[in-house]
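Comments concern the structure below.
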Amino acid sequence: MKTVRGHVPDNCDIIIQGATIIDGTGAPVQAADIAVLGNQIVHIGDCSTLQAETSIDGTGLCAAPGFIDVHTHDDWALLRTPDMPFKVTQGVTTVVAGNCGISAAPFRMQDGLPDPFNVVPGLREYSFDSVAEYRQRLTTSPPAVNVRLLAGHSSLRATVMGTDLARPASGEEIDLMAQLLDTALTEGAAGLSSGLDYPASLEAPMDEVVALAKVVSGHQNTIYATHIRDEGDGVIGAVSEALETGQRAKARLVLSHHKCAGKANFGKSVKTLEMIDLARRHGEVSFDVYPYVASSSALLERFVGSASKVIVIWSTPYPELGGQLLDDIAANWGVTREEACHRLKPAGAIYFDMDEADVQRIMKHPVAMIGSDGLPGTEKPHPRLWGTFPRVLGHYVRELKLLSLTEAIHKMTGLSASRFSISDRGVIAAGKKADLVLFDAHKVKDLADFSNPEQPSAGICHVLVNGQFALRHGIQTDTRAGVFLGNQAA
Ligand SMILES: [Zn+2]
């Protein structure tokens, strides 16, 4: 049994005894006890001489760092549903919000904003002029999980340009966005996100994005995450644009929910991963991925053509059609998919548009991180919202053996923490914050599916956030110990 160097305390609050520790670095597992005092891990090794208020028998369980969901749209859910059951029950202890160009801060909400501003429920209820204000709100009303926030390019555009977004920003507008972004980064934003595939930013040229990504690279420990301009027929060009943007701005880069959508593009991940590997010689590039062959987003004409099946999950003008297939709706109306889509908007959909071989190839890559891209607050959401992390551990690790358990945990913790500059989490070590998950590697399994998407997973036993139980014996507690994570020294 390995004993950790340094001070061994006389007592602690919680001891986890005899779990198999997967420390998040990708290192081999070890059997040891973990001692927690306050919000910190204070000792790893033999804790049999320590006194603790609470002991958890970890025999037969794996202990991992709390999972970091690097791709979320939880900015609003953290305020609307602060218990965050869809995250806690998966073992997630930190979420990166503000992805795909839309963030709650800095953002000035107004009527008439185009997609993707319709995709996230709650967006109309809350918007914050500054990251400092958002951070303050979360401090006053803490959620159950920790938060890292990206500042969204489309949110910046809406704040500066109003609803007039179907054009490039002027030089003056870019300067204003750059100032807002600079302040956001100073106030603790993790970086910039973009959603160049959506009407709100489709007309933003690369130069506009480079100018803002340069603001990011001027701050330490920050990153540029992009939902690229085209994930379908134009995926190669869009990956190339993202890589060039990162290089020109000298920004660390994340490609969001990497995929090759549409049958004509199946297999193109061989090429995109080659391009990414080449670019990694010149700068830091990584990406996130979710473990499903279906995506979910706004219902848009430009997305419906390439999917084998499209489920409409909600529609503002036709709420009664939620849950129906787009093809059935189109057939009933005697119109094309595109025309049906036009009539149903604003609406949200699930698109079956990926190839399993691409999903596996992307997930297996050494710089792939796991991120759910879940959309909380919608009725019948894509099951990724509740199932992503247990699905990787159950289906892709245990059943398919695509990844080893230590590799998979690294993609959910240590790798994610290093890319998003969360220096005191993502690894189990003395001195790190006590964000921990205990799970049964033989039983862990996602139970959420497309018919019943709002199901907690099996096999997640205990979850600690900042040293407090968020989930105990599989039951969520009412503790909300999450904090806003700003920019720390590396
Ligand atoms: Zn996206």
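Chain lettering (A, B, ...) mirrors the order of the structure tokens, residue numbering begins at 1 for each chain separately, and ligand numbering begins at 1 in order of display.
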
Quiz item: DSSP on the backbone: what in region 125-290 of chain A comes out alpha helix (DSSP H), as a PyMOL selection string?
Solution: chain A and resi 131-140+153-161+171-186+206-217+235-249+269-279

Write the residues of the preceding selection, restricted to C-alpha atoms, as a PDB file, in the first residue's frame.
```pdb
ATOM      1  CA  VAL A 131     -19.172  37.038 -15.170  1.00  0.00           C
ATOM      2  CA  ALA A 132     -18.711  38.664 -11.755  1.00  0.00           C
ATOM      3  CA  GLU A 133     -22.505  39.014 -11.435  1.00  0.00           C
ATOM      4  CA  TYR A 134     -23.096  35.418 -12.482  1.00  0.00           C
ATOM      5  CA  ARG A 135     -20.440  34.236 -10.073  1.00  0.00           C
ATOM      6  CA  GLN A 136     -22.044  36.267  -7.281  1.00  0.00           C
ATOM      7  CA  ARG A 137     -25.444  34.710  -7.995  1.00  0.00           C
ATOM      8  CA  LEU A 138     -23.971  31.211  -7.759  1.00  0.00           C
ATOM      9  CA  THR A 139     -22.253  32.122  -4.499  1.00  0.00           C
ATOM     10  CA  THR A 140     -25.542  33.362  -3.029  1.00  0.00           C
ATOM     11  CA  HIS A 153     -19.130  34.389 -28.818  1.00  0.00           C
ATOM     12  CA  SER A 154     -22.825  34.470 -29.798  1.00  0.00           C
ATOM     13  CA  SER A 155     -23.694  35.919 -26.380  1.00  0.00           C
ATOM     14  CA  LEU A 156     -21.064  38.620 -26.931  1.00  0.00           C
ATOM     15  CA  ARG A 157     -22.468  39.273 -30.415  1.00  0.00           C
ATOM     16  CA  ALA A 158     -26.033  39.567 -29.101  1.00  0.00           C
ATOM     17  CA  THR A 159     -24.890  41.926 -26.337  1.00  0.00           C
ATOM     18  CA  VAL A 160     -23.025  44.208 -28.742  1.00  0.00           C
ATOM     19  CA  MET A 161     -24.970  43.782 -32.016  1.00  0.00           C
ATOM     20  CA  GLY A 171     -14.279  46.725 -36.288  1.00  0.00           C
ATOM     21  CA  GLU A 172     -15.857  48.812 -33.563  1.00  0.00           C
ATOM     22  CA  GLU A 173     -18.146  45.949 -32.528  1.00  0.00           C
ATOM     23  CA  ILE A 174     -15.209  43.539 -32.419  1.00  0.00           C
ATOM     24  CA  ASP A 175     -13.402  45.993 -30.123  1.00  0.00           C
ATOM     25  CA  LEU A 176     -16.434  46.131 -27.821  1.00  0.00           C
ATOM     26  CA  MET A 177     -16.696  42.333 -27.746  1.00  0.00           C
ATOM     27  CA  ALA A 178     -12.976  42.084 -27.050  1.00  0.00           C
ATOM     28  CA  GLN A 179     -13.334  44.444 -24.082  1.00  0.00           C
ATOM     29  CA  LEU A 180     -16.253  42.442 -22.671  1.00  0.00           C
ATOM     30  CA  LEU A 181     -14.316  39.212 -23.154  1.00  0.00           C
ATOM     31  CA  ASP A 182     -11.191  40.633 -21.543  1.00  0.00           C
ATOM     32  CA  THR A 183     -13.220  41.633 -18.484  1.00  0.00           C
ATOM     33  CA  ALA A 184     -14.928  38.213 -18.419  1.00  0.00           C
ATOM     34  CA  LEU A 185     -11.553  36.455 -18.427  1.00  0.00           C
ATOM     35  CA  THR A 186     -10.268  38.745 -15.683  1.00  0.00           C
ATOM     36  CA  MET A 206     -12.681  33.735 -39.275  1.00  0.00           C
ATOM     37  CA  ASP A 207     -10.991  37.125 -38.726  1.00  0.00           C
ATOM     38  CA  GLU A 208     -13.663  38.133 -36.214  1.00  0.00           C
ATOM     39  CA  VAL A 209     -13.123  34.919 -34.267  1.00  0.00           C
ATOM     40  CA  VAL A 210      -9.329  35.185 -34.455  1.00  0.00           C
ATOM     41  CA  ALA A 211      -9.494  38.716 -33.015  1.00  0.00           C
ATOM     42  CA  LEU A 212     -11.415  37.383 -29.995  1.00  0.00           C
ATOM     43  CA  ALA A 213      -9.344  34.208 -29.641  1.00  0.00           C
ATOM     44  CA  LYS A 214      -6.300  36.493 -29.399  1.00  0.00           C
ATOM     45  CA  VAL A 215      -7.858  38.075 -26.308  1.00  0.00           C
ATOM     46  CA  VAL A 216      -8.028  34.553 -24.855  1.00  0.00           C
ATOM     47  CA  SER A 217      -4.381  33.801 -25.553  1.00  0.00           C
ATOM     48  CA  VAL A 235     -16.510  19.062 -41.804  1.00  0.00           C
ATOM     49  CA  ILE A 236     -12.968  18.895 -43.227  1.00  0.00           C
ATOM     50  CA  GLY A 237     -12.946  22.600 -44.118  1.00  0.00           C
ATOM     51  CA  ALA A 238     -14.487  23.508 -40.773  1.00  0.00           C
ATOM     52  CA  VAL A 239     -11.884  21.536 -38.791  1.00  0.00           C
ATOM     53  CA  SER A 240      -9.216  23.226 -40.873  1.00  0.00           C
ATOM     54  CA  GLU A 241     -10.708  26.652 -40.073  1.00  0.00           C
ATOM     55  CA  ALA A 242     -10.793  25.883 -36.334  1.00  0.00           C
ATOM     56  CA  LEU A 243      -7.170  24.700 -36.328  1.00  0.00           C
ATOM     57  CA  GLU A 244      -6.061  27.766 -38.273  1.00  0.00           C
ATOM     58  CA  THR A 245      -7.984  30.046 -35.897  1.00  0.00           C
ATOM     59  CA  GLY A 246      -6.226  28.472 -32.921  1.00  0.00           C
ATOM     60  CA  GLN A 247      -2.837  28.791 -34.611  1.00  0.00           C
ATOM     61  CA  ARG A 248      -3.298  32.390 -35.741  1.00  0.00           C
ATOM     62  CA  ALA A 249      -4.480  33.441 -32.281  1.00  0.00           C
ATOM     63  CA  SER A 269     -12.880  11.115 -38.637  1.00  0.00           C
ATOM     64  CA  VAL A 270      -9.784   9.285 -39.925  1.00  0.00           C
ATOM     65  CA  LYS A 271      -8.901  12.466 -41.769  1.00  0.00           C
ATOM     66  CA  THR A 272     -10.029  14.949 -39.090  1.00  0.00           C
ATOM     67  CA  LEU A 273      -8.006  13.163 -36.401  1.00  0.00           C
ATOM     68  CA  GLU A 274      -4.960  13.191 -38.688  1.00  0.00           C
ATOM     69  CA  MET A 275      -5.392  16.936 -39.144  1.00  0.00           C
ATOM     70  CA  ILE A 276      -5.725  17.415 -35.399  1.00  0.00           C
ATOM     71  CA  ASP A 277      -2.605  15.346 -34.715  1.00  0.00           C
ATOM     72  CA  LEU A 278      -0.646  17.404 -37.211  1.00  0.00           C
ATOM     73  CA  ALA A 279      -1.823  20.637 -35.576  1.00  0.00           C
TER      74      ALA A 279
END
```

Quiz prompt | 8 Å shell around ligand 1 using only C-alpha atoms and all ligand atoms, listed as a ChimeraX atom specification | solution = /A:99-101,195,226-227,256-257,297,373

Go through region 123-207 of chain A residue by residue and, counting only C-alpha atoms, keep those with an atom at most 9 Å from region 229-232 of chain A; for each kept residue give the shortest atom pair and its distance in Å to one decimal, ordered by chain and increasing number, as a tab-separated table.
```
residue	atom	partner	partner_atom	distance
A:Gly195	CA	A:Arg229	CA	7.2
A:Leu196	CA	A:Arg229	CA	4.4
A:Asp197	CA	A:Arg229	CA	4.3
A:Tyr198	CA	A:Arg229	CA	7.9
A:Ser201	CA	A:Arg229	CA	9.0
A:Leu202	CA	A:Arg229	CA	7.1
```

Exercise. Based on DSSP run over this structure's backbone, return all residues of region 243-482 of chain A in strand (DSSP E or B), as a ChimeraX atom specification.
Key: /A:253-255,285-289,294-298,309-315,325,347-352,368-370,433,436-439,445,458,460-465,468-472,475-476

Quiz item: Can you tell me, as number ranges by chain, what residues are no more than 7 Å from region 396-406 of chain A when counting only C-alpha atoms, ignoring any on the same chain fewer than 2 positions away?
Solution: A: 22, 26-28, 364, 391-394, 408-410

For the residues in that selection, give me C-alpha atoms as a PDB file, in the first residue's frame.
```pdb
ATOM      1  CA  ILE A  22      -8.179   5.254 -10.121  1.00  0.00           C
ATOM      2  CA  GLY A  26      -4.048   7.355 -16.222  1.00  0.00           C
ATOM      3  CA  ALA A  27      -1.688   5.606 -13.756  1.00  0.00           C
ATOM      4  CA  PRO A  28      -2.379   2.000 -12.700  1.00  0.00           C
ATOM      5  CA  LYS A 364     -10.374   6.376 -28.299  1.00  0.00           C
ATOM      6  CA  ARG A 391     -22.527   4.862 -20.595  1.00  0.00           C
ATOM      7  CA  VAL A 392     -18.812   5.276 -21.315  1.00  0.00           C
ATOM      8  CA  LEU A 393     -17.916   3.185 -18.244  1.00  0.00           C
ATOM      9  CA  GLY A 394     -20.562   0.507 -18.778  1.00  0.00           C
ATOM     10  CA  ALA A 408     -11.719   6.335 -19.565  1.00  0.00           C
ATOM     11  CA  ILE A 409     -11.449   7.914 -16.108  1.00  0.00           C
ATOM     12  CA  HIS A 410      -8.520  10.045 -17.325  1.00  0.00           C
TER      13      HIS A 410
END
```

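Residues in contact range of Ala264 (chain A), defined as at most 10 Å between only C-alpha atoms, with sequence neighbours fewer than 4 positions away removed, read Gly232, Asp233, Cys260, Lys268 and Ser306 of chain A.
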
Practice problem: Would you please work out which residue, of A:Thr94, A:Gln324, A:Ser423, A:Ser286, is nearest to Met369 (chain A) when using only C-alpha atoms? | Solution: A:Ser286

Quiz prompt | Option closest in space to Ile223 (chain A), from A:Ala200, A:Ala32, A:Val312, A:Leu253 [counting only C-alpha atoms] | solution =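 Among the listed residues, A:Leu253 lies closest to Ile223 (chain A).
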